[in-house]
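What follows is my_file.pdb (PDB, C-alpha atoms and all ligand atoms).
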ATOM      1  CA  MET A 142     -61.231  96.209 -52.673  1.00  0.00           C
ATOM      2  CA  ILE A 143     -61.586  95.219 -56.307  1.00  0.00           C
ATOM      3  CA  ARG A 144     -58.125  96.624 -57.006  1.00  0.00           C
ATOM      4  CA  ARG A 145     -56.614  94.643 -54.114  1.00  0.00           C
ATOM      5  CA  ARG A 146     -58.284  91.436 -55.312  1.00  0.00           C
ATOM      6  CA  PHE A 147     -57.037  92.113 -58.825  1.00  0.00           C
ATOM      7  CA  LEU A 148     -53.475  92.637 -57.582  1.00  0.00           C
ATOM      8  CA  LYS A 149     -53.643  89.468 -55.447  1.00  0.00           C
ATOM      9  CA  GLY A 150     -54.826  87.488 -58.456  1.00  0.00           C
ATOM     10  CA  LEU A 151     -52.132  88.981 -60.622  1.00  0.00           C
ATOM     11  CA  LEU A 152     -49.426  88.118 -58.087  1.00  0.00           C
ATOM     12  CA  GLY A 153     -50.777  84.580 -57.753  1.00  0.00           C
ATOM     13  CA  SER A 154     -50.703  84.092 -61.522  1.00  0.00           C
ATOM     14  CA  LEU A 155     -47.190  85.496 -61.698  1.00  0.00           C
ATOM     15  CA  ALA A 156     -46.016  83.174 -58.907  1.00  0.00           C
ATOM     16  CA  SER A 157     -47.482  80.085 -60.550  1.00  0.00           C
ATOM     17  CA  PHE A 158     -46.057  81.151 -63.919  1.00  0.00           C
ATOM     18  CA  LEU A 159     -42.590  81.574 -62.397  1.00  0.00           C
ATOM     19  CA  THR A 160     -42.798  78.279 -60.508  1.00  0.00           C
ATOM     20  CA  GLY A 161     -43.872  76.514 -63.692  1.00  0.00           C
ATOM     21  CA  SER A 162     -41.062  78.127 -65.625  1.00  0.00           C
ATOM     22  CA  VAL A 163     -38.449  77.133 -63.080  1.00  0.00           C
ATOM     23  CA  MET A 164     -39.738  73.565 -62.984  1.00  0.00           C
ATOM     24  CA  ALA A 165     -39.799  73.298 -66.752  1.00  0.00           C
ATOM     25  CA  TYR A 166     -36.380  74.917 -66.997  1.00  0.00           C
ATOM     26  CA  GLY A 167     -34.914  72.546 -64.389  1.00  0.00           C
ATOM     27  CA  LYS A 168     -36.380  69.451 -66.005  1.00  0.00           C
ATOM     28  CA  GLU A 169     -35.377  70.534 -69.461  1.00  0.00           C
ATOM     29  CA  CYS A 170     -31.746  71.008 -68.520  1.00  0.00           C
ATOM     30  CA  THR A 171     -31.038  67.868 -66.555  1.00  0.00           C
ATOM     31  CA  THR A 172     -30.710  64.245 -67.567  1.00  0.00           C
ATOM     32  CA  SER A 173     -31.893  61.808 -64.926  1.00  0.00           C
ATOM     33  CA  SER A 174     -29.488  59.011 -64.052  1.00  0.00           C
ATOM     34  CA  ASP A 175     -29.660  55.252 -63.778  1.00  0.00           C
ATOM     35  CA  ASP A 176     -27.424  52.549 -62.360  1.00  0.00           C
ATOM     36  CA  GLU A 177     -24.932  50.874 -64.662  1.00  0.00           C
ATOM     37  CA  GLY A 178     -26.849  47.642 -64.176  1.00  0.00           C
ATOM     38  CA  PRO A 179     -25.417  44.146 -64.527  1.00  0.00           C
ATOM     39  CA  TYR A 180     -24.478  44.383 -68.200  1.00  0.00           C
ATOM     40  CA  PHE A 181     -21.962  47.187 -68.224  1.00  0.00           C
ATOM     41  CA  LYS A 182     -18.525  45.963 -69.285  1.00  0.00           C
ATOM     42  CA  GLN A 183     -15.363  47.994 -68.904  1.00  0.00           C
ATOM     43  CA  GLY A 184     -12.930  48.319 -71.769  1.00  0.00           C
ATOM     44  CA  ALA A 185     -15.196  48.790 -74.781  1.00  0.00           C
ATOM     45  CA  PRO A 186     -13.231  49.882 -77.860  1.00  0.00           C
ATOM     46  CA  PHE A 187     -13.405  53.343 -79.385  1.00  0.00           C
ATOM     47  CA  ARG A 188     -15.439  53.092 -82.599  1.00  0.00           C
ATOM     48  CA  GLU A 189     -18.260  55.036 -84.199  1.00  0.00           C
ATOM     49  CA  GLN A 190     -20.139  51.871 -85.235  1.00  0.00           C
ATOM     50  CA  ILE A 191     -20.603  49.589 -82.237  1.00  0.00           C
ATOM     51  CA  PHE A 192     -21.254  46.313 -84.066  1.00  0.00           C
ATOM     52  CA  ASP A 193     -19.201  44.389 -86.610  1.00  0.00           C
ATOM     53  CA  GLU A 194     -21.972  43.201 -88.893  1.00  0.00           C
ATOM     54  CA  ALA A 195     -25.704  43.830 -88.833  1.00  0.00           C
ATOM     55  CA  PRO A 196     -27.890  40.737 -89.266  1.00  0.00           C
ATOM     56  CA  GLU A 197     -30.358  41.041 -92.156  1.00  0.00           C
ATOM     57  CA  ASN A 198     -33.495  43.102 -91.720  1.00  0.00           C
ATOM     58  CA  GLN A 199     -32.152  45.063 -88.802  1.00  0.00           C
ATOM     59  CA  GLU A 200     -32.658  48.816 -88.687  1.00  0.00           C
ATOM     60  CA  VAL A 201     -29.441  50.795 -88.440  1.00  0.00           C
ATOM     61  CA  LEU A 202     -29.718  53.841 -86.200  1.00  0.00           C
ATOM     62  CA  LEU A 203     -27.414  56.845 -86.120  1.00  0.00           C
ATOM     63  CA  ILE A 204     -27.635  58.526 -82.726  1.00  0.00           C
ATOM     64  CA  SER A 205     -26.178  61.966 -82.297  1.00  0.00           C
ATOM     65  CA  GLY A 206     -26.475  64.822 -79.910  1.00  0.00           C
ATOM     66  CA  PHE A 207     -24.787  67.431 -77.798  1.00  0.00           C
ATOM     67  CA  ILE A 208     -23.406  67.076 -74.312  1.00  0.00           C
ATOM     68  CA  LYS A 209     -24.417  70.163 -72.366  1.00  0.00           C
ATOM     69  CA  SER A 210     -24.405  71.650 -68.908  1.00  0.00           C
ATOM     70  CA  ASP A 211     -26.605  74.384 -67.429  1.00  0.00           C
ATOM     71  CA  CYS A 212     -28.917  74.412 -70.462  1.00  0.00           C
ATOM     72  CA  HIS A 213     -26.594  76.183 -72.860  1.00  0.00           C
ATOM     73  CA  GLN A 214     -22.964  75.405 -72.196  1.00  0.00           C
ATOM     74  CA  LEU A 215     -21.582  72.707 -74.460  1.00  0.00           C
ATOM     75  CA  VAL A 216     -19.270  70.192 -72.815  1.00  0.00           C
ATOM     76  CA  GLY A 217     -16.354  69.298 -75.044  1.00  0.00           C
ATOM     77  CA  ASP A 218     -13.657  66.690 -74.888  1.00  0.00           C
ATOM     78  CA  GLY A 219     -15.189  63.764 -73.094  1.00  0.00           C
ATOM     79  CA  VAL A 220     -16.214  60.178 -73.731  1.00  0.00           C
ATOM     80  CA  VAL A 221     -19.592  58.504 -74.264  1.00  0.00           C
ATOM     81  CA  ASP A 222     -19.672  54.775 -73.487  1.00  0.00           C
ATOM     82  CA  VAL A 223     -22.668  53.072 -75.128  1.00  0.00           C
ATOM     83  CA  TRP A 224     -24.053  49.551 -74.660  1.00  0.00           C
ATOM     84  CA  GLN A 225     -27.254  47.741 -75.539  1.00  0.00           C
ATOM     85  CA  ALA A 226     -28.762  44.318 -76.212  1.00  0.00           C
ATOM     86  CA  GLY A 227     -28.195  42.900 -79.695  1.00  0.00           C
ATOM     87  CA  PRO A 228     -30.862  41.539 -82.039  1.00  0.00           C
ATOM     88  CA  ASN A 229     -30.728  38.238 -80.093  1.00  0.00           C
ATOM     89  CA  LYS A 230     -32.071  40.226 -77.093  1.00  0.00           C
ATOM     90  CA  ARG A 231     -28.909  39.589 -75.109  1.00  0.00           C
ATOM     91  CA  TYR A 232     -25.926  41.633 -74.007  1.00  0.00           C
ATOM     92  CA  ASP A 233     -22.597  40.471 -75.369  1.00  0.00           C
ATOM     93  CA  LEU A 234     -20.339  39.976 -72.359  1.00  0.00           C
ATOM     94  CA  SER A 235     -17.528  38.473 -74.450  1.00  0.00           C
ATOM     95  CA  ASP A 236     -14.385  40.263 -75.516  1.00  0.00           C
ATOM     96  CA  GLN A 237     -15.996  40.843 -78.921  1.00  0.00           C
ATOM     97  CA  TYR A 238     -17.827  43.805 -77.376  1.00  0.00           C
ATOM     98  CA  GLN A 239     -20.704  43.596 -79.851  1.00  0.00           C
ATOM     99  CA  PHE A 240     -23.141  46.469 -79.373  1.00  0.00           C
ATOM    100  CA  ARG A 241     -20.681  48.168 -77.092  1.00  0.00           C
ATOM    101  CA  GLY A 242     -18.375  51.030 -77.874  1.00  0.00           C
ATOM    102  CA  LYS A 243     -17.010  54.375 -76.867  1.00  0.00           C
ATOM    103  CA  VAL A 244     -17.074  57.581 -78.887  1.00  0.00           C
ATOM    104  CA  ARG A 245     -15.384  60.872 -78.176  1.00  0.00           C
ATOM    105  CA  ILE A 246     -17.225  64.125 -77.555  1.00  0.00           C
ATOM    106  CA  ASP A 247     -15.657  66.710 -79.838  1.00  0.00           C
ATOM    107  CA  SER A 248     -14.610  70.197 -78.816  1.00  0.00           C
ATOM    108  CA  LYS A 249     -18.070  71.524 -79.708  1.00  0.00           C
ATOM    109  CA  GLY A 250     -19.873  69.040 -77.455  1.00  0.00           C
ATOM    110  CA  PHE A 251     -21.064  66.839 -80.340  1.00  0.00           C
ATOM    111  CA  TYR A 252     -21.057  63.047 -80.339  1.00  0.00           C
ATOM    112  CA  GLN A 253     -22.327  60.434 -82.787  1.00  0.00           C
ATOM    113  CA  VAL A 254     -22.636  56.647 -82.663  1.00  0.00           C
ATOM    114  CA  LYS A 255     -24.003  54.133 -85.146  1.00  0.00           C
ATOM    115  CA  THR A 256     -25.898  51.125 -83.817  1.00  0.00           C
ATOM    116  CA  LEU A 257     -29.097  49.134 -84.438  1.00  0.00           C
ATOM    117  CA  VAL A 258     -32.538  49.963 -83.111  1.00  0.00           C
ATOM    118  CA  PRO A 259     -32.557  47.899 -79.897  1.00  0.00           C
ATOM    119  CA  PRO A 260     -35.037  45.095 -79.281  1.00  0.00           C
ATOM    120  CA  ILE A 261     -37.623  44.768 -76.557  1.00  0.00           C
ATOM    121  CA  TYR A 262     -36.409  41.911 -74.385  1.00  0.00           C
ATOM    122  CA  PRO A 263     -38.203  40.144 -71.543  1.00  0.00           C
ATOM    123  CA  GLY A 264     -38.710  42.624 -68.744  1.00  0.00           C
ATOM    124  CA  ARG A 265     -37.370  45.737 -70.482  1.00  0.00           C
ATOM    125  CA  PRO A 266     -38.563  48.101 -73.221  1.00  0.00           C
ATOM    126  CA  MET A 267     -36.344  49.355 -76.064  1.00  0.00           C
ATOM    127  CA  HIS A 268     -33.444  51.209 -74.490  1.00  0.00           C
ATOM    128  CA  ILE A 269     -29.760  52.030 -74.881  1.00  0.00           C
ATOM    129  CA  HIS A 270     -27.333  52.665 -72.013  1.00  0.00           C
ATOM    130  CA  PHE A 271     -24.994  55.661 -71.934  1.00  0.00           C
ATOM    131  CA  LYS A 272     -22.179  56.552 -69.559  1.00  0.00           C
ATOM    132  CA  VAL A 273     -20.818  60.032 -70.164  1.00  0.00           C
ATOM    133  CA  SER A 274     -17.646  61.413 -68.654  1.00  0.00           C
ATOM    134  CA  ALA A 275     -15.914  64.736 -69.227  1.00  0.00           C
ATOM    135  CA  LYS A 276     -13.275  66.610 -67.249  1.00  0.00           C
ATOM    136  CA  GLY A 277     -14.809  68.971 -64.706  1.00  0.00           C
ATOM    137  CA  TYR A 278     -18.210  67.242 -64.726  1.00  0.00           C
ATOM    138  CA  GLN A 279     -19.855  64.444 -62.783  1.00  0.00           C
ATOM    139  CA  THR A 280     -19.946  61.185 -64.712  1.00  0.00           C
ATOM    140  CA  LEU A 281     -23.516  60.368 -65.695  1.00  0.00           C
ATOM    141  CA  THR A 282     -24.957  56.919 -66.382  1.00  0.00           C
ATOM    142  CA  THR A 283     -28.362  56.955 -68.017  1.00  0.00           C
ATOM    143  CA  GLN A 284     -30.632  55.224 -70.533  1.00  0.00           C
ATOM    144  CA  MET A 285     -32.327  56.434 -73.677  1.00  0.00           C
ATOM    145  CA  TYR A 286     -35.847  55.237 -74.514  1.00  0.00           C
ATOM    146  CA  PHE A 287     -37.999  55.390 -77.640  1.00  0.00           C
ATOM    147  CA  SER A 288     -41.225  57.346 -77.723  1.00  0.00           C
ATOM    148  CA  ASP A 289     -43.001  54.983 -80.111  1.00  0.00           C
ATOM    149  CA  ASP A 290     -42.401  52.011 -77.804  1.00  0.00           C
ATOM    150  CA  GLU A 291     -45.541  51.686 -75.722  1.00  0.00           C
ATOM    151  CA  SER A 292     -44.017  48.954 -73.541  1.00  0.00           C
ATOM    152  CA  ARG A 293     -41.853  51.555 -71.792  1.00  0.00           C
ATOM    153  CA  HIS A 294     -44.847  52.809 -69.790  1.00  0.00           C
ATOM    154  CA  SER A 295     -44.954  49.612 -67.755  1.00  0.00           C
ATOM    155  CA  ASP A 296     -41.193  49.525 -67.101  1.00  0.00           C
ATOM    156  CA  TRP A 297     -40.418  50.342 -63.464  1.00  0.00           C
ATOM    157  CA  LEU A 298     -36.992  51.858 -64.220  1.00  0.00           C
ATOM    158  CA  TYR A 299     -38.590  54.136 -66.811  1.00  0.00           C
ATOM    159  CA  ARG A 300     -41.334  55.170 -64.427  1.00  0.00           C
ATOM    160  CA  ARG A 301     -39.085  55.528 -61.391  1.00  0.00           C
ATOM    161  CA  ASN A 302     -36.867  58.181 -62.794  1.00  0.00           C
ATOM    162  CA  ASP A 303     -38.540  60.330 -65.430  1.00  0.00           C
ATOM    163  CA  GLY A 304     -37.817  58.134 -68.430  1.00  0.00           C
ATOM    164  CA  ALA A 305     -40.222  60.295 -70.443  1.00  0.00           C
ATOM    165  CA  SER A 306     -37.633  63.098 -70.545  1.00  0.00           C
ATOM    166  CA  ARG A 307     -35.145  60.635 -72.030  1.00  0.00           C
ATOM    167  CA  SER A 308     -37.395  59.291 -74.775  1.00  0.00           C
ATOM    168  CA  VAL A 309     -36.505  60.079 -78.373  1.00  0.00           C
ATOM    169  CA  SER A 310     -38.313  59.633 -81.658  1.00  0.00           C
ATOM    170  CA  ILE A 311     -36.747  57.930 -84.660  1.00  0.00           C
ATOM    171  CA  ASP A 312     -36.484  59.969 -87.848  1.00  0.00           C
ATOM    172  CA  ARG A 313     -36.912  57.542 -90.751  1.00  0.00           C
ATOM    173  CA  SER A 314     -36.896  60.169 -93.490  1.00  0.00           C
ATOM    174  CA  GLU A 315     -33.459  59.021 -94.623  1.00  0.00           C
ATOM    175  CA  LYS A 316     -31.167  56.036 -94.251  1.00  0.00           C
ATOM    176  CA  PRO A 317     -29.821  55.224 -91.797  1.00  0.00           C
ATOM    177  CA  SER A 318     -32.594  56.174 -89.408  1.00  0.00           C
ATOM    178  CA  ARG A 319     -31.634  58.870 -86.961  1.00  0.00           C
ATOM    179  CA  ALA A 320     -32.304  59.893 -83.386  1.00  0.00           C
ATOM    180  CA  GLN A 321     -31.109  62.848 -81.380  1.00  0.00           C
ATOM    181  CA  PHE A 322     -30.257  62.457 -77.708  1.00  0.00           C
ATOM    182  CA  ASP A 323     -28.819  65.487 -75.922  1.00  0.00           C
ATOM    183  CA  ILE A 324     -27.382  64.805 -72.477  1.00  0.00           C
ATOM    184  CA  PHE A 325     -26.889  67.250 -69.599  1.00  0.00           C
ATOM    185  CA  LEU A 326     -24.029  66.875 -67.125  1.00  0.00           C
ATOM    186  CA  LYS A 327     -23.611  68.481 -63.734  1.00  0.00           C
ATOM    187  CA  SER A 328     -20.503  70.487 -63.028  1.00  0.00           C
ATOM    188  CA  ASN A 329     -18.092  69.173 -60.383  1.00  0.00           C
ATOM    189  CA  SER A 330     -17.913  72.570 -58.739  1.00  0.00           C
TER     190      SER A 330
HETATM  191 FE    FE B   1     -30.363  47.265 -70.418  1.00  0.00          FE
END
Output the file's structure in the form of structure tokens.
Amino acid sequence: MIRRRFLKGLLGSLASFLTGSVMAYGKECTTSSDDEGPYFKQGAPFREQIFDEAPENQEVLLISGFIKSDCHQLVGDGVVDVWQAGPNKRYDLSDQYQFRGKVRIDSKGFYQVKTLVPPIYPGRPMHIHFKVSAKGYQTLTTQMYFSDDESRHSDWLYRRNDGASRSVSIDRSEKPSRAQFDIFLKSNS
């Protein structure tokens, strides 16, 4: 009787461990998506720095990361389209494409883009939009948030779709400041 109870308990623990592992594994290896929203603009130029000139006292931010699929596989040879509000808390919809740009994903799945730390603007926390496309994978539109921005917790888009898993911290140990944002794509097949 004791042995049976012990085995039942052991199996229960194993089941909950496995379920937890699968959930953590699944969450860890996916990037939740968002709509493009009203401020996406086609035709952004290819450039590693997505603004012409930084106004004074603005914090430059170098974002880099790997584009992956299925947790480990690196996705090479694609494009990351990035856009965000400028220091004036607005999106540039002109043909100057300020705070908009595309960068290429290299053959090792690495990308890098230089921008400014985005502002909080009325109704939205600090965030940067990404649209990632690569041959053989579903195009993903998403947003990156910042873990030291407390205002994100009251943002409905953040809360609706697991924004916590897309929140990064800023490393200010060197200049420019840095953040790492790895993105997971789903295969077309
Ligand atoms: Fe936005």
Neighbourhood of ligand FE 1 (chain B) at 12 Å, counting all atoms listed in the file, reported as a ChimeraX atom specification
/A:175-182,223-227,230-233,240-241,259-271,282-286,296,298-299
Mind listing whatever residues come within 12 Å of the point (-45.0, 51.7, -81.0)? Use all atoms listed in the file, file coordinates, and give them as a ChimeraX atom specification.
/A:261,266-267,286-294,310-311
Could you tell me how far atom CA of Lys276 of chain A sits from atom CA of Gly219 of chain A, in Å to one decimal place?
6.8 Å
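Note that the spacing between atom CA of Thr256 of chain A and atom CA of Ser328 of chain A amounts to 28.9 Å.
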Result set of the PyMOL selection byres (((chain A and resi 193-208) around 9) and not hetatm) on the coordinates above, as a PDB file with C-alpha atoms, keeping the file's coordinate frame:
ATOM      1  CA  GLN A 190     -20.139  51.871 -85.235  1.00  0.00           C
ATOM      2  CA  ILE A 191     -20.603  49.589 -82.237  1.00  0.00           C
ATOM      3  CA  PHE A 192     -21.254  46.313 -84.066  1.00  0.00           C
ATOM      4  CA  LYS A 209     -24.417  70.163 -72.366  1.00  0.00           C
ATOM      5  CA  SER A 210     -24.405  71.650 -68.908  1.00  0.00           C
ATOM      6  CA  GLN A 214     -22.964  75.405 -72.196  1.00  0.00           C
ATOM      7  CA  LEU A 215     -21.582  72.707 -74.460  1.00  0.00           C
ATOM      8  CA  VAL A 216     -19.270  70.192 -72.815  1.00  0.00           C
ATOM      9  CA  GLY A 217     -16.354  69.298 -75.044  1.00  0.00           C
ATOM     10  CA  GLY A 219     -15.189  63.764 -73.094  1.00  0.00           C
ATOM     11  CA  PRO A 228     -30.862  41.539 -82.039  1.00  0.00           C
ATOM     12  CA  GLN A 239     -20.704  43.596 -79.851  1.00  0.00           C
ATOM     13  CA  PHE A 240     -23.141  46.469 -79.373  1.00  0.00           C
ATOM     14  CA  ILE A 246     -17.225  64.125 -77.555  1.00  0.00           C
ATOM     15  CA  LYS A 249     -18.070  71.524 -79.708  1.00  0.00           C
ATOM     16  CA  GLY A 250     -19.873  69.040 -77.455  1.00  0.00           C
ATOM     17  CA  PHE A 251     -21.064  66.839 -80.340  1.00  0.00           C
ATOM     18  CA  TYR A 252     -21.057  63.047 -80.339  1.00  0.00           C
ATOM     19  CA  GLN A 253     -22.327  60.434 -82.787  1.00  0.00           C
ATOM     20  CA  VAL A 254     -22.636  56.647 -82.663  1.00  0.00           C
ATOM     21  CA  LYS A 255     -24.003  54.133 -85.146  1.00  0.00           C
ATOM     22  CA  THR A 256     -25.898  51.125 -83.817  1.00  0.00           C
ATOM     23  CA  LEU A 257     -29.097  49.134 -84.438  1.00  0.00           C
ATOM     24  CA  VAL A 258     -32.538  49.963 -83.111  1.00  0.00           C
ATOM     25  CA  PRO A 259     -32.557  47.899 -79.897  1.00  0.00           C
ATOM     26  CA  VAL A 273     -20.818  60.032 -70.164  1.00  0.00           C
ATOM     27  CA  ILE A 311     -36.747  57.930 -84.660  1.00  0.00           C
ATOM     28  CA  LYS A 316     -31.167  56.036 -94.251  1.00  0.00           C
ATOM     29  CA  PRO A 317     -29.821  55.224 -91.797  1.00  0.00           C
ATOM     30  CA  SER A 318     -32.594  56.174 -89.408  1.00  0.00           C
ATOM     31  CA  ARG A 319     -31.634  58.870 -86.961  1.00  0.00           C
ATOM     32  CA  ALA A 320     -32.304  59.893 -83.386  1.00  0.00           C
ATOM     33  CA  GLN A 321     -31.109  62.848 -81.380  1.00  0.00           C
ATOM     34  CA  PHE A 322     -30.257  62.457 -77.708  1.00  0.00           C
ATOM     35  CA  ASP A 323     -28.819  65.487 -75.922  1.00  0.00           C
ATOM     36  CA  ILE A 324     -27.382  64.805 -72.477  1.00  0.00           C
ATOM     37  CA  PHE A 325     -26.889  67.250 -69.599  1.00  0.00           C
ATOM     38  CA  LEU A 326     -24.029  66.875 -67.125  1.00  0.00           C
TER      39      LEU A 326
END
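Considering only C-alpha atoms, the residue among A:Lys243, A:Lys327, A:Arg307, A:His213 positioned nearest to Thr280 of chain A is A:Lys327.
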Quick one: residues within 7 Å of Val244 of chain A, all atoms listed in the file, excluding same-chain residues fewer than 4 positions away - as an MDAnalysis selection string?
chainID A and resid 187:189 220:222 252 254
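Going from atom CA of Asn329 of chain A over to atom CA of Asp211 of chain A, you cover 12.2 Å.
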